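Novice: Handing over start.cif, mmCIF, C-alpha atoms.
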data_input
#
loop_
_atom_site.group_PDB
_atom_site.id
_atom_site.type_symbol
_atom_site.label_atom_id
_atom_site.label_comp_id
_atom_site.auth_asym_id
_atom_site.auth_seq_id
_atom_site.Cartn_x
_atom_site.Cartn_y
_atom_site.Cartn_z
ATOM 1 C CA ILE Z 5 0.000 0.000 0.000
ATOM 2 C CA ARG Z 6 1.407 3.374 -1.001
ATOM 3 C CA SER Z 7 0.947 6.231 1.447
ATOM 4 C CA VAL Z 8 1.367 9.972 1.213
ATOM 5 C CA ASN Z 9 2.404 11.953 4.290
ATOM 6 C CA CYS Z 10 0.663 15.291 4.700
ATOM 7 C CA VAL Z 11 0.855 17.716 7.561
ATOM 8 C CA ILE Z 12 -2.294 19.610 8.418
ATOM 9 C CA ILE Z 13 -1.874 20.064 12.138
ATOM 10 C CA GLY Z 14 1.652 21.415 12.288
ATOM 11 C CA ARG Z 15 5.059 21.269 10.725
ATOM 12 C CA ASP Z 16 6.695 18.819 13.095
ATOM 13 C CA SER Z 17 7.334 15.426 11.519
ATOM 14 C CA ARG Z 18 5.664 13.875 14.583
ATOM 15 C CA LEU Z 19 2.393 15.319 13.349
ATOM 16 C CA SER Z 20 2.500 13.679 9.935
ATOM 17 C CA ILE Z 21 -0.877 12.317 8.901
ATOM 18 C CA ARG Z 22 -0.897 9.191 6.840
ATOM 19 C CA PHE Z 23 -3.249 9.357 3.876
ATOM 20 C CA VAL Z 24 -3.618 6.138 1.900
ATOM 21 C CA SER Z 25 -4.013 6.801 -1.784
ATOM 22 C CA TYR Z 26 -7.056 5.203 -3.340
ATOM 23 C CA CYS Z 27 -5.172 4.358 -6.509
ATOM 24 C CA ASP Z 28 -3.457 1.529 -4.637
ATOM 25 C CA ARG Z 29 -6.643 0.271 -2.946
ATOM 26 C CA ILE Z 30 -9.072 0.545 -5.792
ATOM 27 C CA GLY Z 31 -11.718 -1.783 -4.449
ATOM 28 C CA ASP Z 32 -11.988 -0.501 -0.897
ATOM 29 C CA MET Z 33 -13.729 2.782 -1.520
ATOM 30 C CA THR Z 34 -17.166 1.886 -2.772
ATOM 31 C CA ASP Z 35 -17.958 -1.807 -2.779
ATOM 32 C CA GLN Z 36 -16.718 -4.009 0.031
ATOM 33 C CA THR Z 37 -17.810 -7.108 -1.888
ATOM 34 C CA SER Z 38 -15.197 -6.392 -4.553
ATOM 35 C CA SER Z 39 -12.447 -5.126 -2.277
ATOM 36 C CA THR Z 40 -10.284 -8.177 -2.839
ATOM 37 C CA SER Z 41 -10.574 -8.097 -6.628
ATOM 38 C CA PRO Z 42 -7.543 -6.717 -8.474
ATOM 39 C CA PRO Z 43 -8.023 -3.962 -11.093
ATOM 40 C CA ARG Z 44 -8.895 -5.362 -14.491
ATOM 41 C CA GLY Z 45 -7.240 -4.589 -17.795
ATOM 42 C CA ARG Z 46 -4.043 -2.792 -18.595
ATOM 43 C CA PRO Z 47 -1.986 -0.868 -16.023
ATOM 44 C CA ARG Z 48 -2.825 2.782 -15.618
ATOM 45 C CA SER Z 49 -1.246 5.267 -17.969
ATOM 46 C CA PRO Z 50 0.156 8.068 -15.769
ATOM 47 C CA GLN Z 51 -0.748 10.611 -18.433
ATOM 48 C CA SER Z 52 -4.348 9.408 -18.686
ATOM 49 C CA ARG Z 53 -4.703 9.235 -14.916
ATOM 50 C CA GLU Z 54 -3.512 12.823 -14.478
ATOM 51 C CA ALA Z 55 -5.797 14.011 -17.271
ATOM 52 C CA ILE Z 56 -8.780 12.285 -15.658
ATOM 53 C CA LEU Z 57 -8.048 13.696 -12.205
ATOM 54 C CA ARG Z 58 -7.536 17.208 -13.565
ATOM 55 C CA ALA Z 59 -10.748 16.974 -15.571
ATOM 56 C CA THR Z 60 -12.670 15.770 -12.516
ATOM 57 C CA SER Z 61 -11.406 18.620 -10.346
ATOM 58 C CA ALA Z 62 -12.197 21.193 -13.017
ATOM 59 C CA LEU Z 63 -15.726 19.903 -13.603
ATOM 60 C CA ILE Z 64 -16.563 19.846 -9.894
ATOM 61 C CA ARG Z 65 -15.380 23.443 -9.587
ATOM 62 C CA GLU Z 66 -17.312 24.567 -12.651
ATOM 63 C CA GLU Z 67 -20.570 22.665 -12.295
ATOM 64 C CA GLY Z 68 -20.659 21.033 -8.867
ATOM 65 C CA TYR Z 69 -20.522 17.389 -7.906
ATOM 66 C CA SER Z 70 -24.209 16.738 -8.649
ATOM 67 C CA GLN Z 71 -23.628 17.536 -12.338
ATOM 68 C CA LEU Z 72 -20.495 15.420 -12.575
ATOM 69 C CA SER Z 73 -20.677 12.355 -14.795
ATOM 70 C CA ILE Z 74 -18.292 9.772 -16.159
ATOM 71 C CA GLU Z 75 -19.234 10.902 -19.665
ATOM 72 C CA ALA Z 76 -18.261 14.496 -18.909
ATOM 73 C CA ILE Z 77 -14.992 13.440 -17.286
ATOM 74 C CA ALA Z 78 -14.105 11.284 -20.276
ATOM 75 C CA ALA Z 79 -14.880 14.058 -22.745
ATOM 76 C CA ARG Z 80 -12.847 16.640 -20.814
ATOM 77 C CA ALA Z 81 -9.901 14.278 -20.305
ATOM 78 C CA GLY Z 82 -9.911 12.989 -23.868
ATOM 79 C CA VAL Z 83 -10.270 9.332 -22.888
ATOM 80 C CA GLY Z 84 -12.926 6.699 -23.300
ATOM 81 C CA LYS Z 85 -15.479 5.932 -20.581
ATOM 82 C CA GLN Z 86 -14.198 2.387 -20.315
ATOM 83 C CA THR Z 87 -10.754 3.716 -19.437
ATOM 84 C CA ILE Z 88 -12.285 5.386 -16.394
ATOM 85 C CA TYR Z 89 -14.449 2.416 -15.433
ATOM 86 C CA ARG Z 90 -11.441 0.125 -15.753
ATOM 87 C CA TRP Z 91 -9.711 2.030 -12.950
ATOM 88 C CA TRP Z 92 -12.540 3.492 -10.853
ATOM 89 C CA PRO Z 93 -15.947 1.997 -10.013
ATOM 90 C CA SER Z 94 -17.873 5.292 -9.890
ATOM 91 C CA LYS Z 95 -17.677 9.040 -10.290
ATOM 92 C CA GLY Z 96 -17.431 9.314 -6.512
ATOM 93 C CA ALA Z 97 -14.277 7.216 -6.524
ATOM 94 C CA VAL Z 98 -12.690 9.443 -9.152
ATOM 95 C CA ALA Z 99 -13.749 12.583 -7.293
ATOM 96 C CA VAL Z 100 -12.206 11.476 -4.015
ATOM 97 C CA GLU Z 101 -8.913 10.472 -5.626
ATOM 98 C CA ALA Z 102 -8.795 13.804 -7.447
ATOM 99 C CA PHE Z 103 -9.367 15.538 -4.116
ATOM 100 C CA LEU Z 104 -6.609 13.514 -2.452
ATOM 101 C CA ALA Z 105 -4.183 14.341 -5.237
ATOM 102 C CA GLU Z 106 -4.795 18.045 -4.735
ATOM 103 C CA LEU Z 107 -4.878 17.855 -0.950
ATOM 104 C CA THR Z 108 -1.433 16.304 -0.754
ATOM 105 C CA THR Z 109 0.062 19.126 -2.819
ATOM 106 C CA ARG Z 110 -1.582 21.808 -0.681
ATOM 107 C CA PHE Z 111 -0.428 20.367 2.645
ATOM 108 C CA PRO Z 112 3.162 19.216 2.050
ATOM 109 C CA MET Z 113 5.166 17.666 4.855
ATOM 110 C CA GLU Z 114 7.497 20.079 6.578
ATOM 111 C CA GLU Z 115 9.504 19.797 9.756
ATOM 112 C CA SER Z 116 10.273 22.197 12.604
ATOM 113 C CA GLY Z 117 10.359 22.298 16.367
ATOM 114 C CA GLU Z 118 7.468 24.665 16.965
ATOM 115 C CA ASP Z 119 5.731 24.926 20.324
ATOM 116 C CA PHE Z 120 2.091 24.022 20.888
ATOM 117 C CA ARG Z 121 0.732 27.572 20.547
ATOM 118 C CA THR Z 122 2.553 28.065 17.265
ATOM 119 C CA GLU Z 123 1.379 24.680 15.983
ATOM 120 C CA VAL Z 124 -2.259 25.499 16.767
ATOM 121 C CA THR Z 125 -2.016 28.899 15.112
ATOM 122 C CA GLY Z 126 -0.260 27.422 12.095
ATOM 123 C CA ALA Z 127 -2.804 24.634 11.682
ATOM 124 C CA ILE Z 128 -5.763 27.007 11.822
ATOM 125 C CA SER Z 129 -4.065 29.512 9.516
ATOM 126 C CA ARG Z 130 -3.276 26.887 6.884
ATOM 127 C CA ALA Z 131 -6.784 25.456 6.944
ATOM 128 C CA ALA Z 132 -8.381 28.897 6.719
ATOM 129 C CA GLU Z 133 -6.073 29.906 3.878
ATOM 130 C CA GLN Z 134 -6.732 26.794 1.818
ATOM 131 C CA TRP Z 135 -10.462 26.572 2.486
ATOM 132 C CA SER Z 136 -10.935 30.267 1.585
ATOM 133 C CA ASP Z 137 -9.141 29.780 -1.727
ATOM 134 C CA PRO Z 138 -11.866 30.238 -4.374
ATOM 135 C CA GLU Z 139 -10.214 27.504 -6.413
ATOM 136 C CA PHE Z 140 -10.250 24.983 -3.574
ATOM 137 C CA GLY Z 141 -12.871 25.880 -0.966
ATOM 138 C CA PRO Z 142 -15.893 25.247 -3.215
ATOM 139 C CA TYR Z 143 -14.340 21.918 -4.182
ATOM 140 C CA VAL Z 144 -14.100 20.908 -0.514
ATOM 141 C CA ALA Z 145 -17.666 22.076 0.108
ATOM 142 C CA ALA Z 146 -18.991 20.208 -2.930
ATOM 143 C CA LEU Z 147 -17.473 16.889 -1.861
ATOM 144 C CA THR Z 148 -18.606 17.403 1.732
ATOM 145 C CA CYS Z 149 -22.184 17.971 0.586
ATOM 146 C CA ALA Z 150 -21.949 15.025 -1.814
ATOM 147 C CA ALA Z 151 -21.004 12.792 1.114
ATOM 148 C CA LEU Z 152 -24.403 13.531 2.706
ATOM 149 C CA HIS Z 153 -26.157 11.895 -0.230
ATOM 150 C CA ASP Z 154 -23.626 9.417 -1.607
ATOM 151 C CA PRO Z 155 -22.541 6.691 0.848
ATOM 152 C CA ALA Z 156 -19.628 5.745 -1.415
ATOM 153 C CA VAL Z 157 -18.214 9.260 -1.262
ATOM 154 C CA ALA Z 158 -18.806 9.443 2.500
ATOM 155 C CA ASP Z 159 -17.047 6.127 3.096
ATOM 156 C CA ALA Z 160 -14.115 7.055 0.859
ATOM 157 C CA LEU Z 161 -13.649 10.469 2.447
ATOM 158 C CA TYR Z 162 -13.730 8.965 5.918
ATOM 159 C CA GLN Z 163 -11.338 6.141 5.067
ATOM 160 C CA HIS Z 164 -8.783 8.245 3.224
ATOM 161 C CA VAL Z 165 -9.134 11.766 4.621
ATOM 162 C CA VAL Z 166 -11.311 12.318 7.680
ATOM 163 C CA GLY Z 167 -10.379 9.164 9.578
ATOM 164 C CA PRO Z 168 -6.584 9.468 9.225
ATOM 165 C CA SER Z 169 -6.714 13.224 9.820
ATOM 166 C CA ARG Z 170 -8.809 12.833 12.958
ATOM 167 C CA ALA Z 171 -6.542 10.101 14.284
ATOM 168 C CA GLY Z 172 -3.479 12.269 13.717
ATOM 169 C CA HIS Z 173 -5.085 15.270 15.383
ATOM 170 C CA ARG Z 174 -6.209 13.146 18.326
ATOM 171 C CA GLU Z 175 -2.709 11.756 18.857
ATOM 172 C CA TRP Z 176 -1.236 15.245 18.692
ATOM 173 C CA MET Z 177 -3.783 16.746 21.098
ATOM 174 C CA THR Z 178 -3.447 13.829 23.519
ATOM 175 C CA ARG Z 179 0.319 14.271 23.557
ATOM 176 C CA ALA Z 180 -0.117 17.987 24.275
ATOM 177 C CA GLN Z 181 -2.540 17.162 27.072
ATOM 178 C CA ALA Z 182 -0.085 14.746 28.623
ATOM 179 C CA ALA Z 183 2.559 17.475 28.481
ATOM 180 C CA GLY Z 184 0.260 19.871 30.337
ATOM 181 C CA GLU Z 185 -0.351 22.109 27.307
ATOM 182 C CA VAL Z 186 -4.051 21.202 27.292
ATOM 183 C CA ARG Z 187 -6.352 21.057 30.295
ATOM 184 C CA ALA Z 188 -6.728 17.561 31.719
ATOM 185 C CA ASP Z 189 -10.510 17.944 32.018
ATOM 186 C CA ILE Z 190 -11.186 18.736 28.360
ATOM 187 C CA ASP Z 191 -12.157 16.149 25.781
ATOM 188 C CA VAL Z 192 -9.529 16.084 23.033
ATOM 189 C CA ASP Z 193 -12.127 15.629 20.286
ATOM 190 C CA LEU Z 194 -13.946 18.726 21.500
ATOM 191 C CA ALA Z 195 -10.653 20.627 21.484
ATOM 192 C CA ILE Z 196 -10.092 19.614 17.859
ATOM 193 C CA ASP Z 197 -13.635 20.635 16.947
ATOM 194 C CA LEU Z 198 -13.062 24.071 18.465
ATOM 195 C CA MET Z 199 -10.136 24.615 16.108
ATOM 196 C CA TYR Z 200 -11.980 23.952 12.871
ATOM 197 C CA ALA Z 201 -15.721 24.385 13.468
ATOM 198 C CA PRO Z 202 -15.746 28.144 12.651
ATOM 199 C CA ILE Z 203 -13.896 27.469 9.400
ATOM 200 C CA TRP Z 204 -16.309 24.743 8.347
ATOM 201 C CA PHE Z 205 -19.333 26.827 9.342
ATOM 202 C CA ARG Z 206 -18.258 29.728 7.164
ATOM 203 C CA LEU Z 207 -17.277 27.478 4.270
ATOM 204 C CA LEU Z 208 -20.574 25.585 4.177
ATOM 205 C CA THR Z 209 -23.102 28.268 5.121
ATOM 206 C CA ARG Z 210 -21.476 31.333 3.523
ATOM 207 C CA THR Z 211 -23.292 33.524 6.036
ATOM 208 C CA VAL Z 212 -19.988 35.194 6.906
ATOM 209 C CA PRO Z 213 -17.076 35.295 4.438
ATOM 210 C CA LEU Z 214 -14.396 32.806 5.350
ATOM 211 C CA SER Z 215 -11.833 35.234 3.965
ATOM 212 C CA ASP Z 216 -12.745 37.624 6.803
ATOM 213 C CA LEU Z 217 -11.769 35.106 9.466
ATOM 214 C CA ASP Z 218 -8.792 36.129 11.589
ATOM 215 C CA PRO Z 219 -6.838 32.894 12.204
ATOM 216 C CA VAL Z 220 -4.796 34.442 14.994
ATOM 217 C CA ALA Z 221 -7.914 35.629 16.836
ATOM 218 C CA LEU Z 222 -9.490 32.190 16.438
ATOM 219 C CA SER Z 223 -6.305 30.518 17.661
ATOM 220 C CA ASP Z 224 -6.202 32.782 20.713
ATOM 221 C CA ALA Z 225 -9.828 31.939 21.525
ATOM 222 C CA VAL Z 226 -9.184 28.207 21.155
ATOM 223 C CA LEU Z 227 -6.070 28.333 23.313
ATOM 224 C CA ARG Z 228 -7.882 30.283 26.033
ATOM 225 C CA ALA Z 229 -10.504 27.553 26.080
ATOM 226 C CA ILE Z 230 -8.253 24.515 26.098
ATOM 227 C CA GLN Z 231 -5.090 25.538 27.912
ATOM 228 C CA PRO Z 232 -4.681 25.559 31.697
ATOM 229 C CA PRO Z 233 -5.795 28.782 33.452
ATOM 230 C CA PRO Z 234 -3.240 31.572 33.936
ATOM 231 C CA GLY Z 235 -1.038 30.860 36.922
ATOM 232 C CA GLU Z 236 -1.257 27.097 36.472
ATOM 233 C CA SER Z 237 2.101 26.121 35.077
ATOM 234 C CA ILE Z 238 2.074 24.399 31.725
ATOM 235 C CA GLY Z 239 3.937 21.134 31.729
ATOM 236 C CA ALA Z 240 3.833 20.854 35.500
#
Show how you would write the structure in this file as structure tokens.
Specialist:
Amino acid sequence: IRSVNCVIIGRDSRLSIRFVSYCDRIGDMTDQTSSTSPPRGRPRSPQSREAILRATSALIREEGYSQLSIEAIAARAGVGKQTIYRWWPSKGAVAVEAFLAELTTRFPMEESGEDFRTEVTGAISRAAEQWSDPEFGPYVAALTCAALHDPAVADALYQHVVGPSRAGHREWMTRAQAAGEVRADIDVDLAIDLMYAPIWFRLLTRTVPLSDLDPVALSDAVLRAIQPPPGESIGA
């Protein structure tokens, strides 16, 4: 199984999140009954694969996931429909792999020895920056909404994105709690939710522009909520 390391929650190599690329687990995403079956036909052409993923991303941005079809992807990529069906079982499978391909380029692995406050601020800032990007935010929102109606998309996103990301965040937050950086009485999942809920709310509801969000102000609010009270030594 091939994996791609992406850092969303900080730049320390300890915080690397392991995302498993769908292209090496083609059966797992949509149909558990066929998860042990190897891909049929010829090996993937890297050029055709890239063209298909680019076409899928572009179509979702332009028309939304609900209007996406294998026929449209094939026409935009300049390949036959059977080429797509040979490698992916559904449009949802293609969409999630296209999302993963872009996600891994937007959150590259970097290393540093930053402290907890800086890591929190950096994580929130990076998420806000990427999600407010007009070329990427609507794409994230479209797939998130698609997951509400398409179990295959929901399962694939959880298996390859949400699940690994949440596990990495939980490990990171638990380690910070053990070090005294996070209050012992706070649930780590709630602490993680506090970091990203305002970003997701603005992205999905559009009631307040996400671009107006101040990541530093949000980080300060989160840290005030989850860190020990003033006067209680951190790490004690």
Novice: Quick one: apply the PyMOL selection byres ((chain Z and resi 124-134) around 9) to the file and drop the selected residues here as a VMD selection string.
Specialist: chain Z and resid 11 to 15 110 to 111 119 to 123 135 to 141 199 to 200 203 214 to 215 217 to 220 222 to 224 226 to 227
Novice: Export, as a JSON list (two decimals), keeping the file's coordinate frame, the selected residues with C-alpha atoms.
Specialist:
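Contents of result25.json, as written:
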[["chain", "number", "residue", "atom", "x", "y", "z"],
["Z", 11, "VAL", "CA", 0.86, 17.72, 7.56],
["Z", 12, "ILE", "CA", -2.29, 19.61, 8.42],
["Z", 13, "ILE", "CA", -1.87, 20.06, 12.14],
["Z", 14, "GLY", "CA", 1.65, 21.42, 12.29],
["Z", 15, "ARG", "CA", 5.06, 21.27, 10.72],
["Z", 110, "ARG", "CA", -1.58, 21.81, -0.68],
["Z", 111, "PHE", "CA", -0.43, 20.37, 2.64],
["Z", 119, "ASP", "CA", 5.73, 24.93, 20.32],
["Z", 120, "PHE", "CA", 2.09, 24.02, 20.89],
["Z", 121, "ARG", "CA", 0.73, 27.57, 20.55],
["Z", 122, "THR", "CA", 2.55, 28.06, 17.26],
["Z", 123, "GLU", "CA", 1.38, 24.68, 15.98],
["Z", 135, "TRP", "CA", -10.46, 26.57, 2.49],
["Z", 136, "SER", "CA", -10.94, 30.27, 1.58],
["Z", 137, "ASP", "CA", -9.14, 29.78, -1.73],
["Z", 138, "PRO", "CA", -11.87, 30.24, -4.37],
["Z", 139, "GLU", "CA", -10.21, 27.50, -6.41],
["Z", 140, "PHE", "CA", -10.25, 24.98, -3.57],
["Z", 141, "GLY", "CA", -12.87, 25.88, -0.97],
["Z", 199, "MET", "CA", -10.14, 24.62, 16.11],
["Z", 200, "TYR", "CA", -11.98, 23.95, 12.87],
["Z", 203, "ILE", "CA", -13.90, 27.47, 9.40],
["Z", 214, "LEU", "CA", -14.40, 32.81, 5.35],
["Z", 215, "SER", "CA", -11.83, 35.23, 3.96],
["Z", 217, "LEU", "CA", -11.77, 35.11, 9.47],
["Z", 218, "ASP", "CA", -8.79, 36.13, 11.59],
["Z", 219, "PRO", "CA", -6.84, 32.89, 12.20],
["Z", 220, "VAL", "CA", -4.80, 34.44, 14.99],
["Z", 222, "LEU", "CA", -9.49, 32.19, 16.44],
["Z", 223, "SER", "CA", -6.30, 30.52, 17.66],
["Z", 224, "ASP", "CA", -6.20, 32.78, 20.71],
["Z", 226, "VAL", "CA", -9.18, 28.21, 21.16],
["Z", 227, "LEU", "CA", -6.07, 28.33, 23.31]]
Novice: Have a look at Z:Arg90, Z:His173, Z:Lys95, Z:Arg187 and name the one nearest to Val157 in chain Z; count all atoms listed in the file.
Specialist: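 Residue with the minimum atom-to-atom distance to Val157 in chain Z: Z:Lys95.
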Novice: Determine the nearest neighbour of Ala55 in chain Z from the options Z:Gly82, Z:Ala76, Z:Arg170, Z:Asp154, counting all atoms listed in the file.
Specialist: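 Using all atoms listed in the file, Ala55 in chain Z sits closest to Z:Gly82.
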Novice: Please report the interatomic distance between CA of Val83 in chain Z and CA of Glu106 in chain Z in Å with one decimal.
Specialist: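 Between CA of Val83 in chain Z and CA of Glu106 in chain Z the gap is 20.9 Å.
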Novice: Take CA of Ala180 in chain Z and CA of Ala225 in chain Z and report the distance between them in Å, one decimal.
Specialist: 17.2 Å
